[in-house]
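The file data24.txt contains compact mmCIF, C-alpha atoms:
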```
# COMPACT_ATOMS: atom_id res chain seq x y z
CA MET A 4 17.38 3.60 -16.10
CA ILE A 5 16.96 0.37 -14.13
CA ASP A 6 18.77 -2.84 -15.07
CA ALA A 7 16.29 -5.37 -13.71
CA GLY A 8 18.47 -8.29 -14.78
CA ALA A 9 21.32 -7.06 -12.60
CA ILE A 10 19.02 -6.12 -9.73
CA ARG A 11 17.61 -9.66 -9.59
CA HIS A 12 20.91 -10.91 -8.17
CA ASP A 13 20.24 -8.88 -5.01
CA PHE A 14 17.08 -10.89 -4.29
CA PRO A 15 17.85 -14.45 -3.12
CA VAL A 16 14.29 -15.74 -3.43
CA LEU A 17 14.23 -14.99 -7.17
CA SER A 18 16.84 -17.68 -7.77
CA ARG A 19 14.51 -20.47 -6.59
CA THR A 20 12.30 -22.66 -8.71
CA VAL A 21 8.61 -23.50 -8.27
CA TYR A 22 7.40 -26.84 -9.62
CA GLY A 23 10.67 -27.05 -11.54
CA LYS A 24 10.14 -23.66 -13.23
CA ARG A 25 11.96 -20.39 -12.68
CA LEU A 26 10.02 -18.27 -10.20
CA VAL A 27 8.28 -15.37 -11.92
CA TYR A 28 7.09 -13.20 -9.06
CA LEU A 29 4.23 -10.92 -10.13
CA ASP A 30 2.48 -10.39 -6.80
CA ASN A 31 4.29 -7.24 -5.76
CA ALA A 32 1.15 -5.28 -4.93
CA ALA A 33 0.59 -7.80 -2.13
CA THR A 34 4.18 -7.78 -0.89
CA SER A 35 7.58 -7.21 -2.45
CA GLN A 36 10.66 -9.40 -2.19
CA LYS A 37 13.61 -8.31 -0.04
CA PRO A 38 17.13 -7.51 -1.24
CA ARG A 39 20.26 -8.77 0.49
CA PRO A 40 21.06 -5.40 2.15
CA VAL A 41 17.68 -5.46 3.93
CA ILE A 42 18.08 -9.10 4.97
CA GLN A 43 21.62 -8.42 6.19
CA THR A 44 20.42 -5.43 8.20
CA LEU A 45 18.13 -7.76 10.15
CA VAL A 46 20.96 -10.22 10.71
CA ASP A 47 23.30 -7.43 11.85
CA TYR A 48 20.74 -6.15 14.36
CA TYR A 49 20.10 -9.50 15.98
CA GLU A 50 23.74 -10.59 15.91
CA GLY A 51 25.32 -7.28 16.83
CA TYR A 52 23.20 -4.86 18.86
CA ASN A 53 19.83 -6.39 19.72
CA SER A 54 18.43 -4.26 22.51
CA ASN A 55 15.42 -2.19 23.50
CA VAL A 56 15.38 1.46 22.52
CA HIS A 57 15.03 4.89 24.14
CA ARG A 58 15.40 3.95 27.81
CA GLY A 59 18.68 2.07 28.08
CA VAL A 60 21.96 3.74 28.99
CA HIS A 61 24.19 0.88 27.87
CA ALA A 62 26.01 0.72 24.55
CA LEU A 63 23.68 -1.73 22.77
CA SER A 64 20.55 0.23 23.65
CA MET A 65 22.10 3.51 22.54
CA GLU A 66 23.22 1.99 19.24
CA ALA A 67 19.78 0.46 18.62
CA THR A 68 18.11 3.76 19.48
CA GLN A 69 20.36 5.67 17.10
CA ARG A 70 19.69 3.27 14.20
CA TYR A 71 15.95 3.23 14.93
CA GLU A 72 15.71 7.02 14.91
CA GLU A 73 17.90 7.25 11.80
CA ALA A 74 15.35 5.03 10.06
CA ARG A 75 12.57 7.41 11.08
CA GLN A 76 14.53 10.30 9.59
CA LYS A 77 15.02 8.33 6.35
CA VAL A 78 11.27 7.77 6.12
CA ALA A 79 10.60 11.48 6.64
CA ALA A 80 13.07 12.46 3.93
CA PHE A 81 11.69 9.81 1.55
CA ILE A 82 8.20 11.33 1.54
CA HIS A 83 9.46 14.91 2.08
CA ALA A 84 7.84 15.24 5.50
CA PRO A 85 8.86 18.48 7.19
CA SER A 86 9.95 16.73 10.39
CA ALA A 87 10.75 13.24 11.63
CA GLU A 88 8.50 14.01 14.61
CA THR A 89 5.50 13.70 12.28
CA ILE A 90 6.39 10.07 11.42
CA ILE A 91 4.61 7.43 13.51
CA LEU A 92 5.91 3.90 13.07
CA VAL A 93 3.10 1.36 13.01
CA ARG A 94 2.68 -2.21 11.76
CA ASN A 95 1.20 -1.45 8.34
CA THR A 96 -1.12 0.81 6.36
CA THR A 97 -4.16 -0.75 8.02
CA GLU A 98 -2.96 0.12 11.51
CA GLY A 99 -2.13 3.66 10.42
CA ILE A 100 -5.65 4.22 9.10
CA ASN A 101 -7.18 2.69 12.21
CA LEU A 102 -5.03 4.96 14.37
CA VAL A 103 -6.48 8.01 12.61
CA ALA A 104 -10.01 6.62 12.93
CA ASN A 105 -9.60 6.06 16.66
CA THR A 106 -7.87 9.36 17.45
CA TRP A 107 -8.42 12.40 15.26
CA ALA A 108 -11.61 11.15 13.61
CA ALA A 109 -13.14 9.90 16.84
CA SER A 110 -12.76 13.41 18.26
CA ASN A 111 -13.73 15.37 15.15
CA VAL A 112 -16.51 13.41 13.42
CA GLY A 113 -20.01 13.74 14.85
CA PRO A 114 -23.70 13.23 14.06
CA GLY A 115 -24.63 14.43 10.58
CA ASP A 116 -21.02 14.71 9.42
CA GLU A 117 -19.98 13.01 6.21
CA ILE A 118 -16.94 10.88 5.41
CA LEU A 119 -16.20 10.77 1.69
CA LEU A 120 -14.50 7.69 0.24
CA THR A 121 -14.11 6.27 -3.27
CA GLU A 122 -15.65 3.13 -4.71
CA MET A 123 -12.17 1.69 -5.24
CA GLU A 124 -11.05 1.58 -1.60
CA HIS A 125 -9.25 -1.38 -0.06
CA HIS A 126 -11.20 -2.82 2.88
CA SER A 127 -8.64 -1.22 5.21
CA ASN A 128 -9.78 2.24 4.11
CA LEU A 129 -13.46 1.34 4.27
CA VAL A 130 -14.27 -0.86 7.26
CA PRO A 131 -12.78 1.51 9.91
CA TRP A 132 -14.95 4.33 8.55
CA GLN A 133 -18.03 2.11 8.52
CA LYS A 134 -17.55 1.45 12.23
CA LEU A 135 -16.85 5.11 13.03
CA ALA A 136 -19.91 6.26 11.09
CA ARG A 137 -22.13 3.84 13.04
CA GLN A 138 -20.67 4.98 16.34
CA LYS A 139 -20.90 8.70 15.61
CA GLY A 140 -24.08 8.89 13.56
CA ALA A 141 -22.09 10.05 10.54
CA ARG A 142 -22.75 9.22 6.89
CA LEU A 143 -20.47 7.54 4.36
CA ARG A 144 -20.53 8.82 0.79
CA PHE A 145 -18.63 7.54 -2.23
CA ILE A 146 -17.01 8.96 -5.36
CA PRO A 147 -18.11 6.60 -8.16
CA VAL A 148 -15.77 4.76 -10.52
CA THR A 149 -16.25 5.04 -14.27
CA HIS A 150 -16.33 2.11 -16.67
CA ASP A 151 -12.70 2.73 -17.67
CA GLY A 152 -11.47 2.74 -14.06
CA PHE A 153 -11.21 6.44 -13.22
CA LEU A 154 -12.98 8.40 -10.51
CA ASP A 155 -16.17 10.04 -11.75
CA LEU A 156 -15.74 13.62 -10.53
CA SER A 157 -18.80 15.05 -12.27
CA ASP A 158 -20.60 15.50 -8.92
CA ILE A 159 -17.54 16.22 -6.78
CA ASP A 160 -18.74 19.71 -5.81
CA GLU A 161 -21.88 18.13 -4.34
CA LEU A 162 -20.05 15.22 -2.72
CA LEU A 163 -17.51 17.55 -1.12
CA ASN A 164 -19.65 19.97 0.87
CA PRO A 165 -19.64 21.77 4.25
CA ASN A 166 -20.83 18.54 5.93
CA THR A 167 -17.75 16.64 4.75
CA ARG A 168 -15.42 16.11 7.69
CA LEU A 169 -12.94 13.75 6.08
CA LEU A 170 -11.95 12.64 2.59
CA ALA A 171 -10.16 9.27 2.77
CA MET A 172 -8.92 7.95 -0.57
CA VAL A 173 -6.46 5.59 -2.14
CA HIS A 174 -3.62 7.17 -4.11
CA VAL A 175 -3.18 4.18 -6.44
CA SER A 176 -5.88 1.51 -6.63
CA ASN A 177 -4.66 -1.96 -5.71
CA VAL A 178 -7.29 -3.41 -8.08
CA LEU A 179 -7.35 -1.14 -11.12
CA GLY A 180 -3.94 0.49 -10.83
CA THR A 181 -5.59 3.90 -11.28
CA ILE A 182 -3.51 6.85 -10.11
CA ASN A 183 -6.03 9.21 -8.55
CA PRO A 184 -5.78 13.03 -8.71
CA VAL A 185 -5.19 13.28 -4.98
CA ARG A 186 -3.60 16.73 -5.03
CA GLU A 187 -6.59 18.26 -6.82
CA LEU A 188 -9.06 16.47 -4.56
CA THR A 189 -7.13 17.51 -1.46
CA ARG A 190 -7.41 21.17 -2.46
CA LYS A 191 -11.15 20.80 -3.00
CA ALA A 192 -11.58 19.04 0.35
CA HIS A 193 -9.67 21.71 2.23
CA ALA A 194 -11.79 24.39 0.56
CA VAL A 195 -14.86 23.01 2.39
CA GLY A 196 -13.00 22.45 5.66
CA ALA A 197 -12.46 18.69 5.36
CA ALA A 198 -9.30 16.85 6.34
CA VAL A 199 -7.69 14.39 3.90
CA LEU A 200 -6.22 10.94 4.45
CA ILE A 201 -4.34 9.22 1.64
CA ASP A 202 -3.76 5.47 1.49
CA GLY A 203 -0.28 5.41 -0.02
CA ALA A 204 0.28 1.65 0.14
CA GLN A 205 0.51 1.33 -3.65
CA SER A 206 2.08 4.71 -4.42
CA VAL A 207 4.94 5.32 -1.98
CA PRO A 208 6.83 2.14 -3.02
CA HIS A 209 6.51 2.87 -6.73
CA MET A 210 6.79 6.57 -7.50
CA PRO A 211 8.08 9.83 -6.04
CA VAL A 212 5.70 11.01 -3.29
CA ASN A 213 5.90 14.40 -1.61
CA VAL A 214 3.37 14.94 1.18
CA LYS A 215 4.03 18.69 1.19
CA GLU A 216 3.14 18.95 -2.49
CA LEU A 217 0.10 16.70 -2.13
CA GLY A 218 -1.12 18.83 0.76
CA CYS A 219 -2.82 15.96 2.58
CA ASP A 220 -3.25 15.74 6.35
CA PHE A 221 -2.56 12.02 6.83
CA MET A 222 -0.75 9.41 4.76
CA ALA A 223 -0.28 5.73 5.58
CA PHE A 224 1.87 3.12 3.85
CA SER A 225 3.53 -0.25 4.49
CA GLY A 226 7.20 -1.21 4.54
CA HIS A 227 6.72 -4.73 3.19
CA LYS A 228 5.49 -3.42 -0.17
CA MET A 229 8.68 -1.38 -0.66
CA LEU A 230 11.44 -3.98 -0.11
CA GLY A 231 11.19 -3.79 3.70
CA PRO A 232 10.10 -6.45 6.18
CA THR A 233 6.54 -7.22 7.16
CA GLY A 234 5.21 -5.78 10.39
CA ILE A 235 6.46 -2.22 9.90
CA GLY A 236 4.50 0.66 8.42
CA VAL A 237 4.22 4.41 8.55
CA LEU A 238 1.60 6.98 9.40
CA TRP A 239 2.50 10.56 8.58
CA VAL A 240 0.38 13.28 10.17
CA LYS A 241 0.50 17.01 9.55
CA ASP A 242 2.05 18.63 12.60
CA ASP A 243 -0.87 20.83 13.70
CA LEU A 244 -3.26 17.88 13.68
CA LEU A 245 -0.75 15.59 15.38
CA GLN A 246 -0.35 18.07 18.22
CA GLU A 247 -4.05 17.88 19.07
CA MET A 248 -4.49 14.10 18.75
CA GLU A 249 -4.89 11.98 21.87
CA PRO A 250 -2.98 8.68 22.04
CA PHE A 251 -4.67 5.49 20.88
CA LEU A 252 -2.63 2.87 22.78
CA LEU A 253 -1.43 3.47 26.32
CA GLY A 254 1.48 1.98 28.24
CA GLY A 255 5.25 1.97 28.20
CA ASP A 256 7.35 4.55 26.35
CA MET A 257 4.35 6.73 25.40
CA VAL A 258 4.31 8.35 28.84
CA LYS A 259 6.52 11.08 30.24
CA ASP A 260 5.47 10.78 33.87
CA VAL A 261 3.08 8.47 35.71
CA HIS A 262 1.40 8.85 39.10
CA ARG A 263 -1.12 6.60 40.80
CA GLU A 264 -4.06 8.61 39.53
CA ASP A 265 -2.86 10.13 36.24
CA ALA A 266 -0.10 10.34 33.67
CA THR A 267 1.37 12.77 31.16
CA TRP A 268 2.22 11.88 27.59
CA ASN A 269 5.63 11.65 25.98
CA ASP A 270 6.82 14.01 23.24
CA LEU A 271 5.87 13.45 19.60
CA PRO A 272 5.87 11.00 17.97
CA TYR A 273 6.52 8.63 20.87
CA ARG A 274 3.15 9.18 22.51
CA PHE A 275 1.67 7.17 19.63
CA GLU A 276 4.15 4.28 19.88
CA ALA A 277 3.22 2.46 23.08
CA GLY A 278 5.29 -0.52 24.14
CA THR A 279 8.44 -1.97 22.65
CA PRO A 280 8.40 -1.05 18.95
CA ASN A 281 9.35 -3.21 15.99
CA ILE A 282 12.97 -2.16 16.20
CA ALA A 283 14.69 -4.55 13.81
CA ASP A 284 12.13 -4.13 11.05
CA ALA A 285 12.11 -0.33 11.38
CA ILE A 286 15.88 -0.28 10.92
CA ALA A 287 15.54 -2.65 7.95
CA LEU A 288 12.91 -0.34 6.43
CA GLY A 289 15.60 2.33 6.52
CA ALA A 290 17.85 -0.02 4.54
CA ALA A 291 15.05 -0.57 2.02
CA ILE A 292 14.71 3.18 1.59
CA ASP A 293 18.46 3.45 1.03
CA TYR A 294 18.15 0.82 -1.72
CA LEU A 295 15.27 2.65 -3.42
CA ASN A 296 17.04 5.99 -3.13
CA ASP A 297 20.10 4.51 -4.82
CA LEU A 298 17.89 3.47 -7.73
CA GLY A 299 15.95 6.74 -7.81
CA MET A 300 12.18 6.74 -7.50
CA LYS A 301 11.71 8.36 -10.90
CA ASN A 302 13.63 5.46 -12.40
CA VAL A 303 11.44 3.03 -10.47
CA ARG A 304 8.33 4.69 -11.88
CA ASP A 305 9.72 4.78 -15.44
CA HIS A 306 10.64 1.08 -15.26
CA GLU A 307 7.14 0.11 -14.12
CA MET A 308 5.52 2.24 -16.82
CA GLN A 309 7.61 0.38 -19.42
CA LEU A 310 6.56 -2.98 -17.97
CA THR A 311 2.90 -1.96 -17.84
CA ARG A 312 3.01 -0.76 -21.45
CA HIS A 313 4.48 -4.08 -22.52
CA ALA A 314 1.93 -6.04 -20.47
CA LEU A 315 -0.98 -4.19 -22.04
CA GLU A 316 0.43 -4.84 -25.51
CA VAL A 317 1.01 -8.56 -25.13
CA LEU A 318 -2.18 -9.20 -23.17
CA SER A 319 -4.07 -7.69 -26.10
CA GLU A 320 -3.19 -10.95 -27.89
CA LEU A 321 -5.76 -12.58 -25.59
CA ALA A 322 -8.57 -10.18 -26.44
CA GLY A 323 -11.78 -12.16 -26.47
CA ASP A 324 -10.39 -14.64 -23.94
CA ILE A 325 -9.77 -12.20 -21.09
CA ASP A 326 -11.17 -8.84 -20.04
CA LEU A 327 -8.77 -6.16 -18.81
CA TYR A 328 -9.78 -3.70 -16.09
CA GLY A 329 -8.44 -0.26 -15.26
CA PRO A 330 -7.16 2.72 -17.25
CA LYS A 331 -5.07 0.79 -19.84
CA ASP A 332 -2.80 3.83 -19.93
CA PRO A 333 0.68 3.32 -18.40
CA SER A 334 0.97 7.04 -17.61
CA ARG A 335 -2.22 6.95 -15.52
CA GLN A 336 -1.85 3.65 -13.71
CA GLY A 337 0.58 1.94 -11.42
CA GLY A 338 2.61 -1.11 -12.34
CA MET A 339 -0.15 -3.69 -12.44
CA VAL A 340 -2.79 -5.22 -14.69
CA SER A 341 -5.99 -6.91 -13.53
CA PHE A 342 -7.98 -9.21 -15.74
CA SER A 343 -10.61 -11.94 -15.73
CA SER A 344 -11.36 -14.88 -17.99
CA ARG A 345 -14.82 -15.49 -19.34
CA GLU A 346 -14.24 -19.23 -18.95
CA VAL A 347 -12.03 -19.74 -15.90
CA HIS A 348 -12.44 -18.64 -12.30
CA PRO A 349 -9.44 -16.49 -11.20
CA HIS A 350 -8.53 -18.93 -8.40
CA ASP A 351 -8.23 -21.76 -10.94
CA LEU A 352 -6.28 -19.51 -13.27
CA GLY A 353 -3.91 -18.55 -10.45
CA THR A 354 -3.42 -22.20 -9.53
CA LEU A 355 -2.46 -23.20 -13.07
CA LEU A 356 -0.13 -20.23 -13.41
CA ASP A 357 1.52 -21.27 -10.15
CA ARG A 358 2.28 -24.66 -11.72
CA GLU A 359 4.21 -22.72 -14.35
CA GLY A 360 6.21 -20.92 -11.65
CA ILE A 361 4.25 -17.69 -11.97
CA ALA A 362 2.96 -15.99 -8.81
CA ILE A 363 0.01 -13.65 -9.25
CA ARG A 364 -2.89 -12.57 -7.02
CA ALA A 365 -6.40 -13.92 -7.56
CA GLY A 366 -9.71 -13.16 -5.87
CA HIS A 367 -11.53 -10.05 -4.71
CA LEU A 368 -8.22 -8.31 -3.86
CA CYS A 369 -9.56 -7.00 -0.53
CA ALA A 370 -12.01 -4.79 -2.42
CA ILE A 371 -15.29 -6.70 -2.55
CA PRO A 372 -17.54 -3.64 -3.12
CA LEU A 373 -15.49 -2.73 -6.19
CA VAL A 374 -14.88 -6.19 -7.65
CA ARG A 375 -18.18 -7.88 -6.98
CA GLY A 376 -20.35 -4.79 -6.65
CA ARG A 377 -19.13 -2.32 -9.25
CA LEU A 378 -17.32 -4.60 -11.71
CA LYS A 379 -19.76 -7.48 -11.16
CA VAL A 380 -17.22 -10.29 -11.40
CA PRO A 381 -16.53 -13.00 -8.77
CA GLY A 382 -12.87 -12.10 -8.70
CA LEU A 383 -9.89 -10.91 -10.69
CA ALA A 384 -6.41 -12.08 -11.54
CA ARG A 385 -3.76 -9.41 -10.93
CA ALA A 386 -0.17 -9.27 -12.10
CA SER A 387 1.84 -6.52 -10.41
CA PHE A 388 5.39 -5.45 -11.18
CA TYR A 389 8.44 -4.09 -9.40
CA ILE A 390 12.06 -3.20 -9.94
CA TYR A 391 13.31 -6.77 -10.50
CA ASN A 392 10.67 -7.72 -13.07
CA THR A 393 11.47 -7.87 -16.78
CA GLU A 394 9.54 -7.97 -20.03
CA GLU A 395 10.50 -11.65 -20.22
CA ASP A 396 8.54 -12.21 -16.98
CA ILE A 397 5.46 -10.74 -18.65
CA ASP A 398 5.98 -12.83 -21.79
CA LEU A 399 6.13 -15.95 -19.61
CA LEU A 400 2.90 -14.84 -17.93
CA VAL A 401 1.12 -14.53 -21.27
CA ALA A 402 2.45 -17.88 -22.49
CA ALA A 403 1.24 -19.53 -19.28
CA LEU A 404 -2.14 -17.82 -19.61
CA LYS A 405 -2.56 -19.18 -23.10
CA LYS A 406 -1.65 -22.65 -21.86
CA ALA A 407 -4.10 -22.42 -18.94
CA LEU A 408 -6.95 -21.19 -21.10
CA THR A 409 -6.31 -23.96 -23.62
CA PHE A 410 -6.33 -26.53 -20.82
CA PHE A 411 -9.68 -25.38 -19.45
CA ARG A 412 -11.17 -25.03 -22.89
CA ALA A 413 -10.19 -28.64 -23.64
CA LYS A 414 -11.75 -29.77 -20.38
CA GLY A 415 -14.92 -27.84 -21.19
CA VAL A 416 -14.95 -26.24 -17.72
CA ALA A 417 -16.84 -22.95 -17.56
CA ALA A 418 -16.26 -20.28 -14.95
CA SER A 419 -19.78 -20.75 -13.62
CA HIS A 420 -18.98 -24.39 -12.85
CA VAL A 421 -15.97 -23.76 -10.63
CA HIS A 422 -16.00 -22.51 -7.06
```
Go ahead and express the file in the form of structure tokens.
Amino acid sequence: MIDAGAIRHDFPVLSRTVYGKRLVYLDNAATSQKPRPVIQTLVDYYEGYNSNVHRGVHALSMEATQRYEEARQKVAAFIHAPSAETIILVRNTTEGINLVANTWAASNVGPGDEILLTEMEHHSNLVPWQKLARQKGARLRFIPVTHDGFLDLSDIDELLNPNTRLLAMVHVSNVLGTINPVRELTRKAHAVGAAVLIDGAQSVPHMPVNVKELGCDFMAFSGHKMLGPTGIGVLWVKDDLLQEMEPFLLGGDMVKDVHREDATWNDLPYRFEAGTPNIADAIALGAAIDYLNDLGMKNVRDHEMQLTRHALEVLSELAGDIDLYGPKDPSRQGGMVSFSSREVHPHDLGTLLDREGIAIRAGHLCAIPLVRGRLKVPGLARASFYIYNTEEDIDLLVAALKKALTFFRAKGVAASHVH
């Protein structure tokens, strides 16, 4: 069981005020706040052993290298990867997906092949495949989304066929919160010879994830959404595929030997980490993983389910004033709720909530084809939860929503008249 009230003391930013109100931070799907142990890890690195890694023979370099590689091992253990050598440290989920698109996919997708996505993908798991499909003469296909926010799998046996080369799908939707049946879909994809990439940006920080059990071939996620710093992310690749992939970026540290006319590549995973890596933030990601492990990821998931259940209950008080999107089932969605007002544009709603000290996300949520295309709304407001959030935070959100809606109703401003 998580004591969010006690945990809050570990997060300095949560003690601040915004416009004279206590900060209620409900934008965790965009980025999480950082606990003191993570912040201190960064301070310790820069004050105590700041140095480049892997090549130095002096004490600071060897200490930095040890801490950096320990962080890689922590990442591997956190997602139950069979080996730390299958962990590539990148900047974020987006870079991890692009790395796959420009290495394995560029070599294995050709004319007439199909790449299967879902209608709920973040732009980062859509735009790279659009470009690759244009370059290779491949075709993009999409698993539809039902009215209640789930994947429509009624035609999955036609969508997944011998022409499918890759299934790339989000584990947990950053818009709807839907937890997709990725293990089942991975088995179906492998049965027709397709590889599987999972966008784990919204799942790895919030629930137990085991890449061996999921059976996928690639998984990408970001450190900044799981208490770590920005600028550090992870791409996990199944070993047999990683062995055959050619490097994407070339230069220092990814080479073993260099001559005037050619070069040989370094061992795994270093051949995919050209140049000086993000050392401090990788080490701090290890500290974030330590913090989450101390809490227990099952406890993290249970806490968010409780918050989501409460949010759905109290937001039902605004039925008729707002529309909720997604499963509306805490056991089948991540810790977030997305909604829209029939009277107020989400940007205006977000601005008024900010004046009450409440931070949410508002807009198309980096998923324009889903929000504007499938859901047919100009944007959504999203409140997303994490370990330090409480039911009181959600009650304050609802009170502020009521206040904002009353304000706009009094002004007679309709959603069609703003922005």
**Request:** Have a look at atom CA of A:Leu200 and atom CA of A:Ile182 and let me know their distance in Å, one decimal.
**Result:**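 Taking atom CA of A:Leu200 as the start and atom CA of A:Ile182 as the end point, the length is 15.4 Å.
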**Message:** What's around stretch 142-156 of chain A at 8 Å? Count all atoms listed in the file, leave out sequence neighbours fewer than 3 positions away in its own chain, and write the answer as a list in words.
**Reply:**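 My list of contacting residues is Gly115, Asp116, Glu117, Ile118, Leu119, Leu120, Thr121, Glu122, Met123, Trp132, Gln133, Ala136, Ile159, Leu162, Leu179, Thr181, Asn183, Tyr328, Gly329, Pro330 and Arg377 of chain A.
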**Item:** From A:Gly360, A:Pro184, A:Gly113, A:Gly218, residue lying nearest A:Ala402 [all atoms listed in the file]
**Value:**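 Checking each candidate against A:Ala402, we get A:Gly360 as the closest.
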**Asked** Near stretch 314-317 of chain A, within 10 Å and counting only C-alpha atoms, which residues show up once chain neighbours fewer than 6 positions away are dropped, as a ChimeraX atom specification?
**Response** /A:308,327,331-333,338-340,386,388,394,396-398,400-402
**Prompt:** Separation of atom CA of A:Ile91 and atom CA of A:Ile235, in Å?
**Reply:**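 Taking atom CA of A:Ile91 and atom CA of A:Ile235, their separation equals 10.5 Å.
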**One-decimal distance in Å that lies between atom CA of A:Thr409 and atom CA of A:Asn31** =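 Atom-to-atom, atom CA of A:Asn31 to atom CA of A:Thr409, that is 26.7 Å.
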**Contact residues around A:Ala7 with all atoms listed in the file at 10 Å, ignoring same-chain residues under 2 positions, as a PyMOL selection string** = chain A and resi 4-5+9-12+306+389-394
**Item:** Selected residue of minimal separation from A:Lys301 among A:Ala370, A:Val27, A:Ile42, A:Val207, counting all atoms listed in the file
**Value:**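 Result for the nearest residue to A:Lys301: A:Val207.
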**Asked** Nearest to A:Phe221 among A:Ala87, A:Val199, A:Val303, A:Leu135, with distances taken over all atoms listed in the file: which residue is it?
**Response**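 For A:Phe221, the nearest of the given residues is A:Val199.
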Each residue of stretch 71-170 of chain A with at least one atom at most 8 Å from stretch 238-261 of chain A should appear once, together with its nearest atom pair and the corresponding distance in Å (one decimal); atoms considered: all atoms listed in the file; ordering: chain, then increasing residue number; output as a tab-separated table.
```
residue	atom	partner	partner_atom	distance
A:Ala84	CA	A:Trp239	CA	7.7
A:Thr89	CA	A:Val240	CA	5.6
A:Ile90	CA	A:Trp239	CA	4.8
A:Ile91	CA	A:Leu238	CA	5.1
A:Leu92	CA	A:Leu238	CA	6.4
A:Val93	CA	A:Leu238	CA	6.8
A:Thr96	CA	A:Leu238	CA	7.4
A:Gly99	CA	A:Leu238	CA	5.1
A:Ile100	CA	A:Leu238	CA	7.8
A:Leu102	CA	A:Phe251	CA	6.5
A:Asn105	CA	A:Phe251	CA	6.5
A:Thr106	CA	A:Glu249	CA	5.9
A:Trp107	CA	A:Met248	CA	5.5
```
**Request:** May I have the residues within 9 Å of A:Glu66 as a list in words, using only C-alpha atoms and disregarding those fewer than 4 positions away in the same chain?
**Result:**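 Contacts, in chain order: Tyr52, Ser54, Val56, His61, Ala62, Arg70 and Tyr71 of chain A.
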**Message:** Using only C-alpha atoms and a cutoff of 12 Å, can you tell me which residues are near (23.2, -7.6, 4.4) in the file's coordinates, and write them out as a PyMOL selection string?
**Reply:** chain A and resi 13-15+37-48+50+287+290-291+294
**Request:** Give the answer as one residue: which of A:Arg304, A:His125, A:Arg412, A:His313 has the shortest atom-to-atom distance to A:Arg345, using all atoms listed in the file?
**Result:**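 Under the stated criterion, the closest residue is A:Arg412.
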Residue completion, stretch 101-114 of chain A, N, CA and C atoms, as a compact mmCIF listing (two decimals), in the frame of the given file:
```txt
# COMPACT_ATOMS: atom_id res chain seq x y z
N ASN A 101 -6.41 2.91 10.99
CA ASN A 101 -7.18 2.69 12.21
C ASN A 101 -6.76 3.65 13.32
N LEU A 102 -5.48 4.00 13.37
CA LEU A 102 -5.03 4.96 14.37
C LEU A 102 -5.71 6.31 14.16
N VAL A 103 -5.80 6.75 12.90
CA VAL A 103 -6.48 8.01 12.61
C VAL A 103 -7.95 7.92 12.98
N ALA A 104 -8.58 6.79 12.64
CA ALA A 104 -10.01 6.62 12.93
C ALA A 104 -10.30 6.67 14.42
N ASN A 105 -9.38 6.14 15.22
CA ASN A 105 -9.60 6.06 16.66
C ASN A 105 -9.04 7.24 17.44
N THR A 106 -8.42 8.18 16.75
CA THR A 106 -7.87 9.36 17.45
C THR A 106 -8.50 10.63 16.89
N TRP A 107 -7.91 11.14 15.82
CA TRP A 107 -8.42 12.40 15.26
C TRP A 107 -9.88 12.30 14.86
N ALA A 108 -10.25 11.26 14.12
CA ALA A 108 -11.61 11.15 13.61
C ALA A 108 -12.61 10.93 14.74
N ALA A 109 -12.23 10.14 15.73
CA ALA A 109 -13.14 9.90 16.84
C ALA A 109 -13.46 11.18 17.59
N SER A 110 -12.55 12.13 17.56
CA SER A 110 -12.76 13.41 18.26
C SER A 110 -13.39 14.48 17.38
N ASN A 111 -13.32 14.29 16.06
CA ASN A 111 -13.73 15.37 15.15
C ASN A 111 -14.91 15.05 14.25
N VAL A 112 -15.34 13.81 14.23
CA VAL A 112 -16.51 13.41 13.42
C VAL A 112 -17.70 13.22 14.35
N GLY A 113 -18.83 13.82 14.00
CA GLY A 113 -20.01 13.74 14.85
C GLY A 113 -21.27 13.47 14.05
N PRO A 114 -22.42 13.49 14.72
CA PRO A 114 -23.70 13.23 14.06
C PRO A 114 -23.93 14.18 12.89
```
